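upload24.cif (mmCIF, C-alpha atoms)
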```cif
data_target
#
loop_
_atom_site.group_PDB
_atom_site.id
_atom_site.type_symbol
_atom_site.label_atom_id
_atom_site.label_comp_id
_atom_site.auth_asym_id
_atom_site.auth_seq_id
_atom_site.Cartn_x
_atom_site.Cartn_y
_atom_site.Cartn_z
ATOM 1 C CA MET X 11 282.400 162.222 135.355
ATOM 2 C CA LYS X 12 284.082 158.974 134.404
ATOM 3 C CA ASP X 13 287.605 157.664 134.095
ATOM 4 C CA SER X 14 288.948 154.835 131.962
ATOM 5 C CA THR X 15 289.894 151.417 133.342
ATOM 6 C CA ARG X 16 293.449 152.061 132.198
ATOM 7 C CA SER X 17 293.658 155.321 134.165
ATOM 8 C CA LEU X 18 292.076 153.746 137.230
ATOM 9 C CA LEU X 19 294.501 150.829 137.139
ATOM 10 C CA PHE X 20 297.499 153.108 136.878
ATOM 11 C CA GLY X 21 296.017 155.198 139.694
ATOM 12 C CA VAL X 22 296.049 152.098 141.896
ATOM 13 C CA PHE X 23 299.836 151.987 141.606
ATOM 14 C CA VAL X 24 300.122 155.707 142.320
ATOM 15 C CA LEU X 25 297.974 155.487 145.433
ATOM 16 C CA ALA X 26 299.545 152.232 146.651
ATOM 17 C CA ASP X 27 303.078 153.617 146.138
ATOM 18 C CA THR X 28 304.516 150.090 146.326
ATOM 19 C CA PRO X 29 305.047 147.141 143.939
ATOM 20 C CA LEU X 30 301.900 145.023 143.536
ATOM 21 C CA THR X 31 301.143 141.479 142.420
ATOM 22 C CA ALA X 32 298.423 140.786 139.856
ATOM 23 C CA ALA X 33 296.215 139.376 142.639
ATOM 24 C CA GLU X 34 296.597 142.589 144.647
ATOM 25 C CA VAL X 35 295.739 144.693 141.613
ATOM 26 C CA VAL X 36 292.600 142.605 141.095
ATOM 27 C CA ARG X 37 291.674 143.028 144.774
ATOM 28 C CA LEU X 38 292.186 146.784 144.673
ATOM 29 C CA MET X 39 290.265 147.168 141.406
ATOM 30 C CA SER X 40 287.272 145.127 142.563
ATOM 31 C CA PRO X 41 285.644 147.978 144.579
ATOM 32 C CA LEU X 42 285.602 149.934 141.321
ATOM 33 C CA GLY X 43 283.566 147.254 139.568
ATOM 34 C CA VAL X 44 286.455 146.083 137.392
ATOM 35 C CA SER X 45 286.527 142.322 136.808
ATOM 36 C CA ALA X 46 289.627 140.211 137.406
ATOM 37 C CA THR X 47 289.846 139.386 133.694
ATOM 38 C CA ASN X 48 289.671 143.046 132.705
ATOM 39 C CA ALA X 49 292.261 144.066 135.306
ATOM 40 C CA LYS X 50 294.723 141.374 134.220
ATOM 41 C CA SER X 51 294.207 142.249 130.557
ATOM 42 C CA HIS X 52 295.068 145.891 131.205
ATOM 43 C CA LEU X 53 298.092 144.861 133.257
ATOM 44 C CA THR X 54 299.415 142.926 130.269
ATOM 45 C CA ARG X 55 298.793 145.845 127.920
ATOM 46 C CA LEU X 56 300.508 148.377 130.172
ATOM 47 C CA VAL X 57 303.560 146.146 130.441
ATOM 48 C CA ALA X 58 303.634 145.713 126.638
ATOM 49 C CA GLU X 59 303.383 149.493 126.177
ATOM 50 C CA GLY X 60 306.206 150.141 128.631
ATOM 51 C CA ALA X 61 304.026 151.941 131.182
ATOM 52 C CA LEU X 62 304.592 149.212 133.796
ATOM 53 C CA ASP X 63 307.644 147.107 134.640
ATOM 54 C CA ARG X 64 307.302 143.450 135.663
ATOM 55 C CA ARG X 65 309.823 141.406 137.630
ATOM 56 C CA GLY X 66 310.084 138.226 139.675
ATOM 57 C CA PRO X 67 308.954 134.605 139.190
ATOM 58 C CA VAL X 68 305.696 133.902 137.355
ATOM 59 C CA ARG X 69 303.620 133.148 140.451
ATOM 60 C CA ALA X 70 304.956 136.114 142.427
ATOM 61 C CA ARG X 71 305.513 138.767 139.775
ATOM 62 C CA LEU X 72 305.557 142.327 141.013
ATOM 63 C CA TYR X 73 304.404 145.257 138.884
ATOM 64 C CA THR X 74 305.602 148.854 139.215
ATOM 65 C CA PRO X 75 305.307 152.017 137.089
ATOM 66 C CA SER X 76 308.143 152.239 134.568
ATOM 67 C CA ARG X 77 310.846 154.864 134.881
ATOM 68 C CA GLY X 78 309.170 157.125 132.348
ATOM 69 C CA GLN X 79 305.776 156.862 133.994
ATOM 70 C CA SER X 80 307.303 157.439 137.438
ATOM 71 C CA ALA X 81 308.575 160.787 136.143
ATOM 72 C CA VAL X 82 305.026 161.679 135.061
ATOM 73 C CA VAL X 83 303.669 160.672 138.466
ATOM 74 C CA GLU X 84 306.238 162.853 140.216
ATOM 75 C CA GLY X 85 305.399 165.714 137.861
ATOM 76 C CA ILE X 86 301.719 165.457 138.765
ATOM 77 C CA ARG X 87 302.548 165.380 142.484
ATOM 78 C CA VAL X 88 304.579 168.572 142.079
ATOM 79 C CA ARG X 89 301.662 170.229 140.307
ATOM 80 C CA LEU X 90 299.357 169.302 143.191
ATOM 81 C CA GLN X 91 301.426 171.437 145.533
ATOM 82 C CA GLU X 92 300.884 175.123 146.058
ATOM 83 C CA GLU X 93 302.132 177.449 143.332
ATOM 84 C CA PRO X 94 305.857 178.323 143.724
ATOM 85 C CA SER X 95 306.449 181.785 145.202
ATOM 86 C CA GLU X 96 309.550 182.304 143.046
ATOM 87 C CA ALA X 97 309.552 185.520 141.027
ATOM 88 C CA TRP X 98 309.796 185.261 137.238
ATOM 89 C CA ASP X 99 312.461 187.336 135.480
ATOM 90 C CA ARG X 100 310.363 187.267 132.276
ATOM 91 C CA THR X 101 312.896 185.188 130.367
ATOM 92 C CA TRP X 102 311.954 182.292 128.112
ATOM 93 C CA LEU X 103 313.672 179.116 126.969
ATOM 94 C CA ALA X 104 313.879 178.261 123.266
ATOM 95 C CA LEU X 105 314.735 174.597 122.781
ATOM 96 C CA THR X 106 315.695 173.394 119.286
ATOM 97 C CA LEU X 107 316.073 169.651 118.820
ATOM 98 C CA ARG X 108 316.822 167.289 115.964
ATOM 99 C CA LEU X 109 313.728 165.121 116.149
ATOM 100 C CA PRO X 110 314.092 161.315 115.997
ATOM 101 C CA ALA X 111 313.446 159.635 112.655
ATOM 102 C CA ASP X 112 311.335 156.942 114.311
ATOM 103 C CA ARG X 113 307.683 158.018 114.552
ATOM 104 C CA ARG X 114 307.029 156.462 117.970
ATOM 105 C CA GLN X 115 310.127 158.094 119.432
ATOM 106 C CA ARG X 116 309.022 161.455 118.018
ATOM 107 C CA GLU X 117 305.578 161.039 119.545
ATOM 108 C CA ARG X 118 307.012 160.136 122.950
ATOM 109 C CA LEU X 119 309.359 163.113 122.829
ATOM 110 C CA ALA X 120 306.561 165.471 121.805
ATOM 111 C CA ALA X 121 304.319 164.177 124.608
ATOM 112 C CA SER X 122 307.075 164.636 127.177
ATOM 113 C CA LEU X 123 307.849 168.166 125.991
ATOM 114 C CA TRP X 124 304.162 169.041 126.062
ATOM 115 C CA PHE X 125 303.834 167.677 129.634
ATOM 116 C CA ASP X 126 306.734 169.921 130.678
ATOM 117 C CA GLY X 127 305.102 172.991 129.171
ATOM 118 C CA PHE X 128 307.323 173.275 126.068
ATOM 119 C CA ARG X 129 305.047 174.292 123.209
ATOM 120 C CA PRO X 130 305.974 173.905 119.515
ATOM 121 C CA TRP X 131 306.705 177.187 117.767
ATOM 122 C CA ALA X 132 308.442 175.962 114.613
ATOM 123 C CA PRO X 133 309.577 172.531 113.367
ATOM 124 C CA GLY X 134 311.889 171.183 116.063
ATOM 125 C CA THR X 135 311.661 174.357 118.189
ATOM 126 C CA PHE X 136 309.795 174.585 121.493
ATOM 127 C CA LEU X 137 309.219 177.456 123.937
ATOM 128 C CA ARG X 138 308.381 177.831 127.618
ATOM 129 C CA PRO X 139 309.022 180.402 130.368
ATOM 130 C CA ALA X 140 312.239 179.879 132.347
ATOM 131 C CA TRP X 141 310.146 179.331 135.485
ATOM 132 C CA PRO X 142 310.432 177.822 138.018
ATOM 133 C CA GLU X 143 314.025 178.552 137.040
ATOM 134 C CA ARG X 144 315.888 175.511 138.344
ATOM 135 C CA TRP X 145 313.219 173.056 137.231
ATOM 136 C CA ALA X 146 312.825 174.594 133.752
ATOM 137 C CA LEU X 147 316.584 174.620 133.121
ATOM 138 C CA ASP X 148 316.895 171.040 134.348
ATOM 139 C CA ARG X 149 314.187 169.933 131.929
ATOM 140 C CA ALA X 150 315.893 171.701 129.012
ATOM 141 C CA ARG X 151 319.182 169.968 129.892
ATOM 142 C CA HIS X 152 317.337 166.665 130.129
ATOM 143 C CA TYR X 153 316.121 166.929 126.538
ATOM 144 C CA LEU X 154 319.516 168.047 125.265
ATOM 145 C CA ALA X 155 321.047 164.971 126.902
ATOM 146 C CA HIS X 156 318.715 162.741 124.867
ATOM 147 C CA ALA X 157 318.596 164.509 121.504
ATOM 148 C CA PRO X 158 321.032 166.689 119.500
ATOM 149 C CA GLY X 159 320.186 170.371 119.695
ATOM 150 C CA PHE X 160 320.676 173.593 121.651
ATOM 151 C CA SER X 161 318.759 175.902 123.970
ATOM 152 C CA LEU X 162 318.720 179.672 124.352
ATOM 153 C CA ARG X 163 317.427 181.798 127.216
ATOM 154 C CA GLY X 164 316.324 185.400 126.882
ATOM 155 C CA SER X 165 313.538 187.964 126.716
ATOM 156 C CA PHE X 166 311.338 188.922 123.797
ATOM 157 C CA VAL X 167 312.458 192.036 121.948
ATOM 158 C CA GLU X 168 308.882 193.160 121.444
ATOM 159 C CA GLN X 169 306.241 193.442 124.170
ATOM 160 C CA LEU X 170 304.910 190.046 125.185
ATOM 161 C CA ASN X 171 301.495 189.313 123.662
ATOM 162 C CA LEU X 172 299.545 187.802 126.560
ATOM 163 C CA ARG X 173 296.629 186.851 124.306
ATOM 164 C CA ARG X 174 298.949 184.816 122.109
ATOM 165 C CA VAL X 175 300.397 183.066 125.177
ATOM 166 C CA ALA X 176 296.907 182.303 126.489
ATOM 167 C CA SER X 177 295.961 180.854 123.112
ATOM 168 C CA LEU X 178 299.177 178.837 122.848
ATOM 169 C CA TYR X 179 298.514 177.174 126.198
ATOM 170 C CA GLU X 180 294.696 177.136 125.905
ATOM 171 C CA LEU X 181 294.482 178.776 129.327
ATOM 172 C CA ALA X 182 290.802 179.717 129.111
ATOM 173 C CA VAL X 183 289.721 176.112 128.487
ATOM 174 C CA LEU X 184 292.022 174.736 131.173
ATOM 175 C CA ASP X 185 290.829 177.318 133.691
ATOM 176 C CA ARG X 186 287.170 176.589 132.951
ATOM 177 C CA GLU X 187 287.592 172.806 133.270
ATOM 178 C CA ALA X 188 289.574 173.169 136.498
ATOM 179 C CA ARG X 189 286.918 175.402 138.085
ATOM 180 C CA ALA X 190 284.187 172.936 137.097
ATOM 181 C CA LEU X 191 286.054 169.959 138.570
ATOM 182 C CA ALA X 192 286.865 171.877 141.762
ATOM 183 C CA GLY X 193 283.182 172.668 142.213
ATOM 184 C CA TRP X 194 282.216 169.035 141.604
ATOM 185 C CA ILE X 195 284.724 167.851 144.225
ATOM 186 C CA ARG X 196 283.374 170.283 146.801
ATOM 187 C CA ARG X 197 279.874 168.906 146.229
ATOM 188 C CA GLN X 198 280.874 165.339 147.092
ATOM 189 C CA GLY X 199 279.104 163.895 150.115
ATOM 190 C CA ALA X 200 280.271 162.361 153.351
ATOM 191 C CA VAL X 201 283.285 160.076 153.545
ATOM 192 C CA PRO X 202 282.293 156.382 153.097
ATOM 193 C CA SER X 203 282.881 154.400 156.273
ATOM 194 C CA ALA X 204 284.086 151.205 154.560
ATOM 195 C CA GLY X 205 287.731 151.035 153.485
ATOM 196 C CA GLU X 206 286.885 149.592 150.060
ATOM 197 C CA ARG X 207 284.363 152.291 149.271
ATOM 198 C CA THR X 208 286.683 155.028 150.538
ATOM 199 C CA PHE X 209 289.495 153.697 148.359
ATOM 200 C CA ALA X 210 287.212 153.589 145.310
ATOM 201 C CA ALA X 211 285.970 157.146 145.877
ATOM 202 C CA HIS X 212 289.476 158.461 146.451
ATOM 203 C CA LEU X 213 290.805 156.724 143.348
ATOM 204 C CA LYS X 214 288.026 157.959 141.075
ATOM 205 C CA VAL X 215 288.351 161.583 142.173
ATOM 206 C CA GLY X 216 292.136 161.417 142.248
ATOM 207 C CA GLY X 217 292.193 160.028 138.726
ATOM 208 C CA LEU X 218 290.075 162.874 137.389
ATOM 209 C CA VAL X 219 292.266 165.441 139.131
ATOM 210 C CA ALA X 220 295.500 163.837 137.920
ATOM 211 C CA ARG X 221 294.284 163.695 134.335
ATOM 212 C CA LEU X 222 293.437 167.419 134.352
ATOM 213 C CA ILE X 223 296.389 168.621 136.412
ATOM 214 C CA ALA X 224 298.699 166.861 133.936
ATOM 215 C CA HIS X 225 297.688 169.637 131.502
ATOM 216 C CA ASP X 226 299.157 172.271 133.842
ATOM 217 C CA PRO X 227 302.112 173.756 131.886
ATOM 218 C CA ARG X 228 303.590 175.304 135.057
ATOM 219 C CA LEU X 229 303.440 178.973 134.095
ATOM 220 C CA PRO X 230 304.273 182.015 136.238
ATOM 221 C CA PRO X 231 301.263 183.896 137.682
ATOM 222 C CA GLU X 232 301.824 186.815 135.304
ATOM 223 C CA LEU X 233 300.812 184.629 132.358
ATOM 224 C CA TRP X 234 297.738 183.199 134.075
ATOM 225 C CA GLY X 235 296.366 186.651 134.861
ATOM 226 C CA PRO X 236 293.082 186.454 136.816
ATOM 227 C CA ARG X 237 292.603 182.748 136.035
ATOM 228 C CA ARG X 238 292.787 180.764 139.273
ATOM 229 C CA GLY X 239 290.978 177.559 138.329
ATOM 230 C CA LEU X 240 293.954 175.230 138.752
ATOM 231 C CA ARG X 241 294.896 176.681 142.143
ATOM 232 C CA ASP X 242 291.252 176.360 143.185
ATOM 233 C CA LEU X 243 291.300 172.721 142.055
ATOM 234 C CA VAL X 244 294.481 171.986 144.036
ATOM 235 C CA ARG X 245 292.926 173.419 147.201
ATOM 236 C CA ALA X 246 289.640 171.544 146.695
ATOM 237 C CA PHE X 247 291.435 168.233 146.139
ATOM 238 C CA ASP X 248 293.742 168.840 149.118
ATOM 239 C CA ARG X 249 290.706 169.150 151.390
ATOM 240 C CA PHE X 250 289.109 166.080 149.816
ATOM 241 C CA ASP X 251 292.347 164.091 150.055
ATOM 242 C CA SER X 252 292.835 164.919 153.734
ATOM 243 C CA ARG X 253 289.429 163.365 154.474
ATOM 244 C CA LEU X 254 289.710 160.173 152.440
ATOM 245 C CA ALA X 255 293.414 159.358 152.118
ATOM 246 C CA PRO X 256 293.959 157.844 155.600
ATOM 247 C CA LEU X 257 291.175 155.247 155.200
ATOM 248 C CA ALA X 258 292.089 154.552 151.581
ATOM 249 C CA ARG X 259 295.742 153.934 152.448
ATOM 250 C CA ARG X 260 294.731 151.707 155.334
ATOM 251 C CA PHE X 261 292.779 149.526 152.901
ATOM 252 C CA VAL X 262 295.803 149.314 150.573
ATOM 253 C CA GLY X 263 297.979 148.419 153.545
ATOM 254 C CA GLN X 264 295.659 145.570 154.499
ATOM 255 C CA VAL X 265 295.722 144.119 150.975
ATOM 256 C CA VAL X 266 299.517 144.288 150.726
ATOM 257 C CA ALA X 267 299.978 143.002 154.288
ATOM 258 C CA ASP X 268 298.156 139.779 153.378
ATOM 259 C CA ARG X 269 300.831 138.993 150.781
ATOM 260 C CA LYS X 270 303.759 140.017 152.968
ATOM 261 C CA GLY X 271 302.372 138.086 155.893
ATOM 262 C CA SER X 272 301.949 134.909 153.874
ATOM 263 C CA SER X 273 305.567 135.130 152.626
ATOM 264 C CA CYS X 274 307.022 135.170 156.133
#
```

Take the structure from the file and write it as structure tokens.
Amino acid sequence: MKDSTRSLLFGVFVLADTPLTAAEVVRLMSPLGVSATNAKSHLTRLVAEGALDRRGPVRARLYTPSRGQSAVVEGIRVRLQEEPSEAWDRTWLALTLRLPADRRQRERLAASLWFDGFRPWAPGTFLRPAWPERWALDRARHYLAHAPGFSLRGSFVEQLNLRRVASLYELAVLDREARALAGWIRRQGAVPSAGERTFAAHLKVGGLVARLIAHDPRLPPELWGPRRGLRDLVRAFDRFDSRLAPLARRFVGQVVADRKGSSC
């Protein structure tokens, strides 16, 4: 299982959870076999694409995830928690929006809606369960604050077709991939003793988990049925994370401390 340099680099910022200089990014990417030139090139691209923000003087520029990407990071962190125990009242949200004329804006909006579990049903109309209730309603209001439209909440008149829902969200594929990744994580060996190697292992596995868990549409258990792959993956990664995270974060702390110490 492999991850792209781009994903690994962004994962560095997620794991570090603090602004980083280009030199620190290079240092943190080196245990992964990424060259300084490659790391700096991807930094520039991510800034140009709006995934990273850059501030400060040239020789001491600090990079951080952009506002939009920070929302994605927080969404992934929420998905890595245990499934909410809140009951579902079987209502759905129908969100109808006037889509932007600009193609890139439309694509960004579609990607954001998809990440939040809103699936297209008709041109400009998207559906998702009203669950977890507060979060789902907040997301609908968020989109209405950024695009003209309206949202309705209610139940289906006819009996809900669970097969159609499973197909709409591709639940069988997602469940199968999650079970496979959970099994792979459980088969990983002992924790590396060196901070650099621990950080690299944690980042690689965390990147794979984040990329898959980002496909979690946050559905109530009734719609998942017997599929428990994502919950199995969350538990497997939680056990893995508890073993590696302390050493990995210590390594990040050492790298960042060198810069903060030299600025005193």

Take CA of Leu105 (chain X) and CA of Leu137 (chain X) and report the distance between them in Å, one decimal.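 Interatomic distance, CA of Leu105 (chain X) to CA of Leu137 (chain X): 6.3 Å.
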
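With distances taken over all atoms listed in the file, X:Asp251 is the one residue among X:Glu180, X:Asp251, X:Glu168, X:Glu92 lying closest to Ile195 (chain X).
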
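Atom pair CA of Leu178 (chain X) / CA of Ala121 (chain X) has a distance of 15.6 Å (rounded to one decimal).
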
Counting all atoms listed in the file, which residues of region 53-154 of chain X sit at most 12 Å from some atom of region 213-224 of chain X, and what is each one's closest atom pair with its distance in Å to one decimal, listed by chain and rising residue number, as a Markdown table?
```
| residue | atom | partner | partner_atom | distance |
| --- | --- | --- | --- | --- |
| X:Ala81 | CA | X:Ala224 | CA | 11.8 |
| X:Val82 | CA | X:Ala224 | CA | 8.3 |
| X:Val83 | CA | X:Ala220 | CA | 8.8 |
| X:Glu84 | CA | X:Ala224 | CA | 10.6 |
| X:Gly85 | CA | X:Ala224 | CA | 7.8 |
| X:Ile86 | CA | X:Ala224 | CA | 5.9 |
| X:Arg87 | CA | X:Ala220 | CA | 8.5 |
| X:Val88 | CA | X:Ile223 | CA | 10.0 |
| X:Arg89 | CA | X:Ile223 | CA | 6.7 |
| X:Leu90 | CA | X:Ile223 | CA | 7.4 |
| X:Gln91 | CA | X:Ile223 | CA | 10.8 |
| X:Ala121 | CA | X:Ala224 | CA | 11.2 |
| X:Ser122 | CA | X:Ala224 | CA | 11.0 |
| X:Trp124 | CA | X:Ala224 | CA | 9.8 |
| X:Phe125 | CA | X:Ala224 | CA | 6.7 |
| X:Asp126 | CA | X:Ala224 | CA | 9.2 |
| X:Gly127 | CA | X:Ala224 | CA | 10.1 |
```

Work out how far CA of Ala61 (chain X) is from CA of Leu229 (chain X), in Å to one decimal.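 Those two atoms sit 27.2 Å apart.
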
Completion step: region 159-182 of chain X with N, CA, C and O atoms as a compact mmCIF listing (two decimals), in the coordinates of the input:
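This is the output file result.txt:
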```txt
# COMPACT_ATOMS: atom_id res chain seq x y z
N GLY X 159 320.86 169.08 119.80
CA GLY X 159 320.19 170.37 119.70
C GLY X 159 320.85 171.43 120.55
O GLY X 159 321.98 171.26 121.01
N PHE X 160 320.15 172.52 120.80
CA PHE X 160 320.68 173.59 121.65
C PHE X 160 319.50 174.35 122.26
O PHE X 160 318.36 174.24 121.80
N SER X 161 319.79 175.12 123.30
CA SER X 161 318.76 175.90 123.97
C SER X 161 319.27 177.30 124.24
O SER X 161 320.46 177.49 124.56
N LEU X 162 318.40 178.28 124.08
CA LEU X 162 318.72 179.67 124.35
C LEU X 162 317.76 180.22 125.40
O LEU X 162 316.60 179.81 125.46
N ARG X 163 318.27 181.16 126.21
CA ARG X 163 317.43 181.80 127.22
C ARG X 163 317.50 183.31 127.03
O ARG X 163 318.58 183.87 126.85
N GLY X 164 316.33 183.95 127.04
CA GLY X 164 316.32 185.40 126.88
C GLY X 164 314.92 185.97 126.92
O GLY X 164 313.94 185.25 127.14
N SER X 165 314.83 187.26 126.71
CA SER X 165 313.54 187.96 126.72
C SER X 165 313.13 188.31 125.29
O SER X 165 313.97 188.43 124.40
N PHE X 166 311.83 188.50 125.10
CA PHE X 166 311.34 188.92 123.80
C PHE X 166 311.74 190.38 123.55
O PHE X 166 311.72 191.21 124.46
N VAL X 167 312.11 190.67 122.31
CA VAL X 167 312.46 192.04 121.95
C VAL X 167 311.22 192.92 121.99
O VAL X 167 311.23 194.03 122.53
N GLU X 168 310.13 192.41 121.44
CA GLU X 168 308.88 193.16 121.44
C GLU X 168 308.11 192.88 122.73
O GLU X 168 308.44 191.97 123.50
N GLN X 169 307.07 193.64 122.98
CA GLN X 169 306.24 193.44 124.17
C GLN X 169 305.53 192.10 124.07
O GLN X 169 305.01 191.74 123.01
N LEU X 170 305.52 191.36 125.17
CA LEU X 170 304.91 190.05 125.18
C LEU X 170 303.41 190.14 124.94
O LEU X 170 302.70 190.91 125.60
N ASN X 171 302.92 189.35 124.00
CA ASN X 171 301.50 189.31 123.66
C ASN X 171 300.81 188.27 124.54
O ASN X 171 300.90 187.07 124.27
N LEU X 172 300.15 188.73 125.60
CA LEU X 172 299.54 187.80 126.56
C LEU X 172 298.41 187.00 125.94
O LEU X 172 298.17 185.85 126.31
N ARG X 173 297.71 187.58 124.98
CA ARG X 173 296.63 186.85 124.31
C ARG X 173 297.19 185.67 123.51
O ARG X 173 296.61 184.59 123.49
N ARG X 174 298.33 185.90 122.88
CA ARG X 174 298.95 184.82 122.11
C ARG X 174 299.42 183.70 123.04
O ARG X 174 299.27 182.53 122.74
N VAL X 175 299.97 184.07 124.19
CA VAL X 175 300.40 183.07 125.18
C VAL X 175 299.20 182.27 125.68
O VAL X 175 299.24 181.04 125.77
N ALA X 176 298.11 182.97 126.00
CA ALA X 176 296.91 182.30 126.49
C ALA X 176 296.36 181.34 125.46
O ALA X 176 295.88 180.25 125.79
N SER X 177 296.44 181.73 124.17
CA SER X 177 295.96 180.85 123.11
C SER X 177 296.89 179.66 122.93
O SER X 177 296.44 178.53 122.73
N LEU X 178 298.19 179.90 123.02
CA LEU X 178 299.18 178.84 122.85
C LEU X 178 298.99 177.74 123.88
O LEU X 178 299.09 176.54 123.57
N TYR X 179 298.68 178.14 125.11
CA TYR X 179 298.51 177.17 126.20
C TYR X 179 297.05 176.82 126.48
O TYR X 179 296.79 176.06 127.41
N GLU X 180 296.13 177.39 125.72
CA GLU X 180 294.70 177.14 125.90
C GLU X 180 294.29 177.36 127.36
O GLU X 180 293.61 176.54 127.99
N LEU X 181 294.69 178.50 127.91
CA LEU X 181 294.48 178.78 129.33
C LEU X 181 293.01 178.93 129.69
O LEU X 181 292.59 178.54 130.78
N ALA X 182 292.22 179.51 128.80
CA ALA X 182 290.80 179.72 129.11
C ALA X 182 290.08 178.38 129.29
O ALA X 182 289.30 178.21 130.23
```
